[in-house]
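Asker: Quick one: this structure, given as structure tokens, is what I'll be asking you about.
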Amino acid sequence: MDYQHDRTVCIIGLGYVGLTLAIIMAEAGYTVRGVELNRDFTDRIVTGKAHFHEPGLDERLGFQLAAGRFHVGNALPDDPAVSLYIITVGTPLGPDGKVRLDMVRRVTREIADRLKDGDAVVLRSTVKIGTTRDVVMPILAETGRDVDVAFCPERTLEGRALYELTHLPQIIGAASERGSVRLAQVFNAITPTVIRVRDPETAEMIKLIDNTSRDVGFAFANEVARLCGAVGISAAEVITFGKLGYARTQLPMPGPVGGPCLSKDSHILVESMTDRGVMPEIAAAARTINERLMVETARYMAGQVLRWHRSGALKVTLMGLAFKGQPETDDLRGSTAIPLLAELRRLMPEAAFCGYDPIVSAQDLSALGLTPLPDLTQAFDGSHLVVIHNNHPAFQAMPLSRLSRGMARPGMVYDFWNNFLPERLTLDAGIRYVALGTHSMGAGHAESADCSAP
């Protein structure tokens, strides 16, 4: 079979994964037909404007549209030149905490209606182990067509996707040797290193293990923060100086752990393995620790503020609502700011909640029920509590001592990222700076706090 005929590709799902891949494949010389059901997304894409923030994407998107190498539609094209279908639709967790595969099933059936002998289908969405073989392949097999099927995971970092797609190794987990060789040629056109593994299950596991390992590492850092806070020492110092010049300790700083991948992939791994009678205990515990962090810190913050202010209007400002700040993104999917905000609202129902983010739009902040603020000065002015939620560089560089002078008194700045050394801050009387890993999680519980003044 001549694999060089795979020059027209259909990518189904133009979210973050699908759109960035589409542009890179178009730049590599493929004709790419992108399919996205959400008309709001496609209305923006056809004008050269992505519906999410990714450095450099809009310019490159506009160029490929003008060059005629990227075409956008809301339904699968009736184009006989298409020989390769790549599925990049979402697989969110449902209300029961289980991964939803309904979109994968629906798209696979739509592909099956157009399938020809010799076509190839690649699943790139994050799924539980066995989905390629047990869900996708049976649907395609019903057609009687001779096709190649593989799972090839997406592994890029938001904010660096366009670079990493052309530099990171691509994993190929095909159901046959023929498909493995074929798809290695396809992906070798965009990146110099392709790794062929023995089957789709191996590739599916690689994706889940990669992200779960990061979740576990961050969870241990957050556990260190909890332990150091209980002792009354700084977790930032323990971690920073403990690994300085000591290569055997590679522990990240503590902080919120969320996003569209890390907030769900450990759950998908647990679901995959419990279906097989095995409980991934470390993975499950890590996710529990990282999810518990928001509730515990919200209770600490509310407890402190309510201890100082018996009554009156309170202003609470969350800064950095996106799930991460480096590389910067406007992505709110899986952001730990959402459960943090929910718990703070539950504990302080009469407070006014505001939001500031250097990247997230005012419209998206309003959708969270926040009053959007345009700059750092207004974020601090009159606030009783300011929370630095993500690690955007703007927060590291801000003049905290000056900005905090506009806060209400008593007031607190809570920093999840330990951006400042407390001894080098000059804060006015009545303003406290508290960082994650420096306080006991049990102290200041809002529902049992003493409301006496500090």
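Residue numbering restarts at 1 for every chain of the structure tokens, chains are lettered A, B, ... in their displayed order, and ligands are numbered from 1 as they appear.
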From a DSSP calculation on the backbone, collect every residue of segment 186-370 of chain A in alpha helix (DSSP H) and output the set as a VMD selection string.
Answerer: chain A and resid 186 to 188 200 to 231 235 to 242 265 to 274 281 to 308 337 to 347 362 to 367
Asker: Set the distance at 10 Å and use only C-alpha atoms: which residues neighbour segment 393-396 of chain A once local chain neighbours fewer than 6 positions away are removed? I'd like the list as a VMD selection string.
Answerer: chain A and resid 319 to 320 325 to 328 357 to 358 376 415 417 to 420
Asker: Could you please take those selected residues and save C-alpha atoms as a compact mmCIF listing (two decimals), in the first residue's frame?
Answerer:
# COMPACT_ATOMS: atom_id res chain seq x y z
CA MET A 319 -6.25 36.84 40.93
CA GLY A 320 -5.26 34.43 38.18
CA GLY A 325 -0.12 31.15 34.60
CA GLN A 326 3.08 29.75 33.07
CA PRO A 327 2.96 29.37 30.12
CA GLU A 328 0.06 31.78 30.23
CA ASP A 357 -6.59 37.81 35.29
CA PRO A 358 -4.02 39.12 32.79
CA LEU A 376 -3.85 45.12 39.83
CA ASP A 415 -0.36 33.39 47.95
CA TRP A 417 2.86 30.19 44.97
CA ASN A 418 5.19 31.67 47.60
CA ASN A 419 6.11 34.55 45.30
CA PHE A 420 7.48 36.75 48.08
Asker: Between atom CA of Arg114 of chain A and atom CA of Leu76 of chain A, measure the distance and give it in Å to one decimal.
Answerer: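 Rounded to one decimal, the two atoms are 8.6 Å apart.
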Asker: Env of His5 of chain A: 12 Å cut, atoms = only C-alpha atoms, seq-sep filter 3 positions within chain, self excluded. Answer as an MDAnalysis selection string.
Answerer: chainID A and resid 1:2 8:9 30:31 80:84 118:120 182:183 185:186
Asker: Need to verify the contact set: segment 351-353 of chain A, 8 Å, only C-alpha atoms, exclusion of same-chain residues closer than 5 positions in sequence. Can you return it as a short mmCIF file (atom, residue, chain, number, x, y, z; two decimals) with C-alpha atoms, in the first residue's frame?
Answerer:
data_model
loop_
_atom_site.label_atom_id
_atom_site.label_comp_id
_atom_site.auth_asym_id
_atom_site.auth_seq_id
_atom_site.Cartn_x
_atom_site.Cartn_y
_atom_site.Cartn_z
CA ALA A 313 -19.58 44.04 53.35
CA LEU A 314 -16.49 42.02 52.51
CA LYS A 315 -14.61 42.25 49.24
CA VAL A 316 -12.76 39.14 48.10
CA THR A 317 -10.59 39.23 44.97
CA LEU A 318 -9.21 36.17 43.19
CA ARG A 345 -18.86 31.62 48.63
CA GLY A 369 -20.11 35.22 38.88
CA LEU A 370 -17.16 37.54 39.48
CA THR A 371 -16.98 41.29 39.04
#
Asker: Name the residues of segment 145-383 of chain A that fall into strand (DSSP E or B) according to DSSP on the backbone, using the chain letters and numbers of this document, as number ranges by chain.
Answerer: A: 148-151, 170-174, 194-197, 315-319, 352-356, 371-372
Asker: For segment 225-259 of chain A against segment 428-437 of chain A, with a cut-off of 12 Å and counting only C-alpha atoms, what is the closest atom pair and its distance in Å to one decimal for every residue that makes the cut, ordered by chain and number, as a Markdown table?
Answerer:
| residue | atom | partner | partner_atom | distance |
| --- | --- | --- | --- | --- |
| A:Ala225 | CA | A:Gly437 | CA | 3.9 |
| A:Arg226 | CA | A:Gly437 | CA | 5.9 |
| A:Leu227 | CA | A:Gly437 | CA | 7.7 |
| A:Cys228 | CA | A:Gly437 | CA | 5.9 |
| A:Gly229 | CA | A:Gly437 | CA | 4.9 |
| A:Ala230 | CA | A:Gly437 | CA | 8.6 |
| A:Val231 | CA | A:Gly437 | CA | 9.8 |
| A:Gly232 | CA | A:Gly437 | CA | 8.6 |
| A:Ile233 | CA | A:Gly437 | CA | 7.7 |
| A:Ser234 | CA | A:Gly437 | CA | 5.8 |
| A:Ala235 | CA | A:Gly437 | CA | 4.8 |
| A:Ala236 | CA | A:Gly437 | CA | 7.0 |
| A:Glu237 | CA | A:Gly437 | CA | 9.5 |
| A:Val238 | CA | A:Gly437 | CA | 9.7 |
| A:Ile239 | CA | A:Gly437 | CA | 10.4 |
| A:Met253 | CA | A:Gly437 | CA | 9.8 |
| A:Pro254 | CA | A:Leu436 | CA | 7.4 |
| A:Gly255 | CA | A:Leu436 | CA | 7.3 |
| A:Pro256 | CA | A:Leu436 | CA | 9.9 |
Asker: One decimal, Å: what's the distance from atom CA of Ala189 of chain A over to atom CA of Pro169 of chain A, could you say?
Answerer: 11.8 Å
Asker: Give me, as number ranges by chain, all polymer residues having an atom no more than 12 Å from Arg292 of chain A, counting only C-alpha atoms and skipping those fewer than 2 positions away in the same chain.
Answerer: A: 219, 222-223, 226, 255-258, 285-290, 294-299, 336, 339-340, 343, 441
Asker: Could you state the separation of atom CA of Arg39 of chain A and atom CA of Gly334 of chain A in Å, given to one decimal place?
Answerer: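 Pair atom CA of Arg39 of chain A / atom CA of Gly334 of chain A returns 22.9 Å.
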Asker: Which residues of segment 226-294 of chain A sit at most 9 Å from segment 191-214 of chain A, using only C-alpha atoms? Give each one's shortest atom pair and distance in Å (one decimal place), in chain and ascending residue order, as a tab-separated table.
Answerer:
residue	atom	partner	partner_atom	distance
A:Cys261	CA	A:Asn211	CA	7.1
A:Leu262	CA	A:Asn211	CA	6.0
A:Asp265	CA	A:Leu208	CA	5.8
A:Ser266	CA	A:Thr212	CA	5.2
A:His267	CA	A:Thr212	CA	9.0
A:Ile268	CA	A:Leu208	CA	7.5
A:Leu269	CA	A:Leu208	CA	6.1
A:Ala283	CA	A:Thr212	CA	6.5
A:Ala286	CA	A:Thr212	CA	8.6
A:Arg287	CA	A:Thr212	CA	8.8
Asker: Since we have the selection now, will you write its residues out, keeping C-alpha atoms, as a JSON list (two decimals), in the first residue's frame?
Answerer:
[["chain", "number", "residue", "atom", "x", "y", "z"],
["A", 261, "CYS", "CA", -5.71, 17.02, 31.82],
["A", 262, "LEU", "CA", -4.40, 16.74, 35.37],
["A", 265, "ASP", "CA", -6.52, 11.81, 33.87],
["A", 266, "SER", "CA", -5.86, 10.25, 37.27],
["A", 267, "HIS", "CA", -9.59, 9.60, 37.53],
["A", 268, "ILE", "CA", -9.54, 7.94, 34.10],
["A", 269, "LEU", "CA", -6.60, 5.76, 35.14],
["A", 283, "ALA", "CA", -2.88, 7.80, 41.88],
["A", 286, "ALA", "CA", -2.76, 12.03, 44.86],
["A", 287, "ARG", "CA", -5.95, 13.27, 43.26]]
Asker: Could you list, as number ranges by chain, every residue within 6 Å of Thr88 of chain A, counting only C-alpha atoms and ignoring same-chain residues fewer than 3 positions away?
Answerer: A: 12-13, 18, 124-125
Asker: Which residue, A:Thr108, A:Ser383, A:Asn391, A:Ser176, has the smallest gap to Leu140 of chain A when you use only C-alpha atoms?
Answerer: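 Checking each of A:Thr108, A:Ser383, A:Asn391, A:Ser176 against Leu140 of chain A, counting only C-alpha atoms, the winner is A:Thr108.
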Asker: Excluding Thr274 of chain A and its own-chain neighbours fewer than 4 positions away, which residues fall within 12 Å of it when counting only C-alpha atoms? Please give them as a tab-separated table (two decimals) with N, CA and C atoms, in the first residue's frame.
Answerer:
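Here's the written file result-v7.tsv:
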chain	number	residue	atom	x	y	z
A	98	LYS	N	-17.08	9.41	35.98
A	98	LYS	CA	-16.57	8.48	34.95
A	98	LYS	C	-16.37	9.24	33.65
A	128	LYS	N	-10.08	6.02	28.53
A	128	LYS	CA	-9.68	4.94	29.42
A	128	LYS	C	-9.11	3.78	28.60
A	129	ILE	N	-8.31	2.97	29.26
A	129	ILE	CA	-7.58	1.91	28.57
A	129	ILE	C	-8.54	0.90	27.96
A	267	HIS	N	-8.28	10.25	37.38
A	267	HIS	CA	-9.59	9.60	37.53
A	267	HIS	C	-9.80	8.56	36.43
A	268	ILE	N	-9.37	8.88	35.21
A	268	ILE	CA	-9.54	7.94	34.10
A	268	ILE	C	-8.68	6.71	34.32
A	269	LEU	N	-7.47	6.91	34.84
A	269	LEU	CA	-6.60	5.76	35.14
A	269	LEU	C	-7.25	4.87	36.21
A	270	VAL	N	-7.77	5.50	37.25
A	270	VAL	CA	-8.42	4.72	38.32
A	270	VAL	C	-9.60	3.94	37.75
A	278	VAL	N	-8.22	-3.78	39.88
A	278	VAL	CA	-7.00	-3.26	40.52
A	278	VAL	C	-7.23	-1.80	40.89
A	279	MET	N	-6.88	-1.42	42.11
A	279	MET	CA	-7.00	-0.04	42.54
A	279	MET	C	-5.64	0.65	42.51
A	280	PRO	N	-5.46	1.68	41.69
A	280	PRO	CA	-4.20	2.45	41.70
A	280	PRO	C	-4.17	3.38	42.92
A	281	GLU	N	-3.67	2.89	44.02
A	281	GLU	CA	-3.82	3.57	45.30
A	281	GLU	C	-3.09	4.91	45.35
A	284	ALA	N	-4.94	7.48	43.13
A	284	ALA	CA	-6.19	7.91	43.74
A	284	ALA	C	-5.93	8.85	44.91
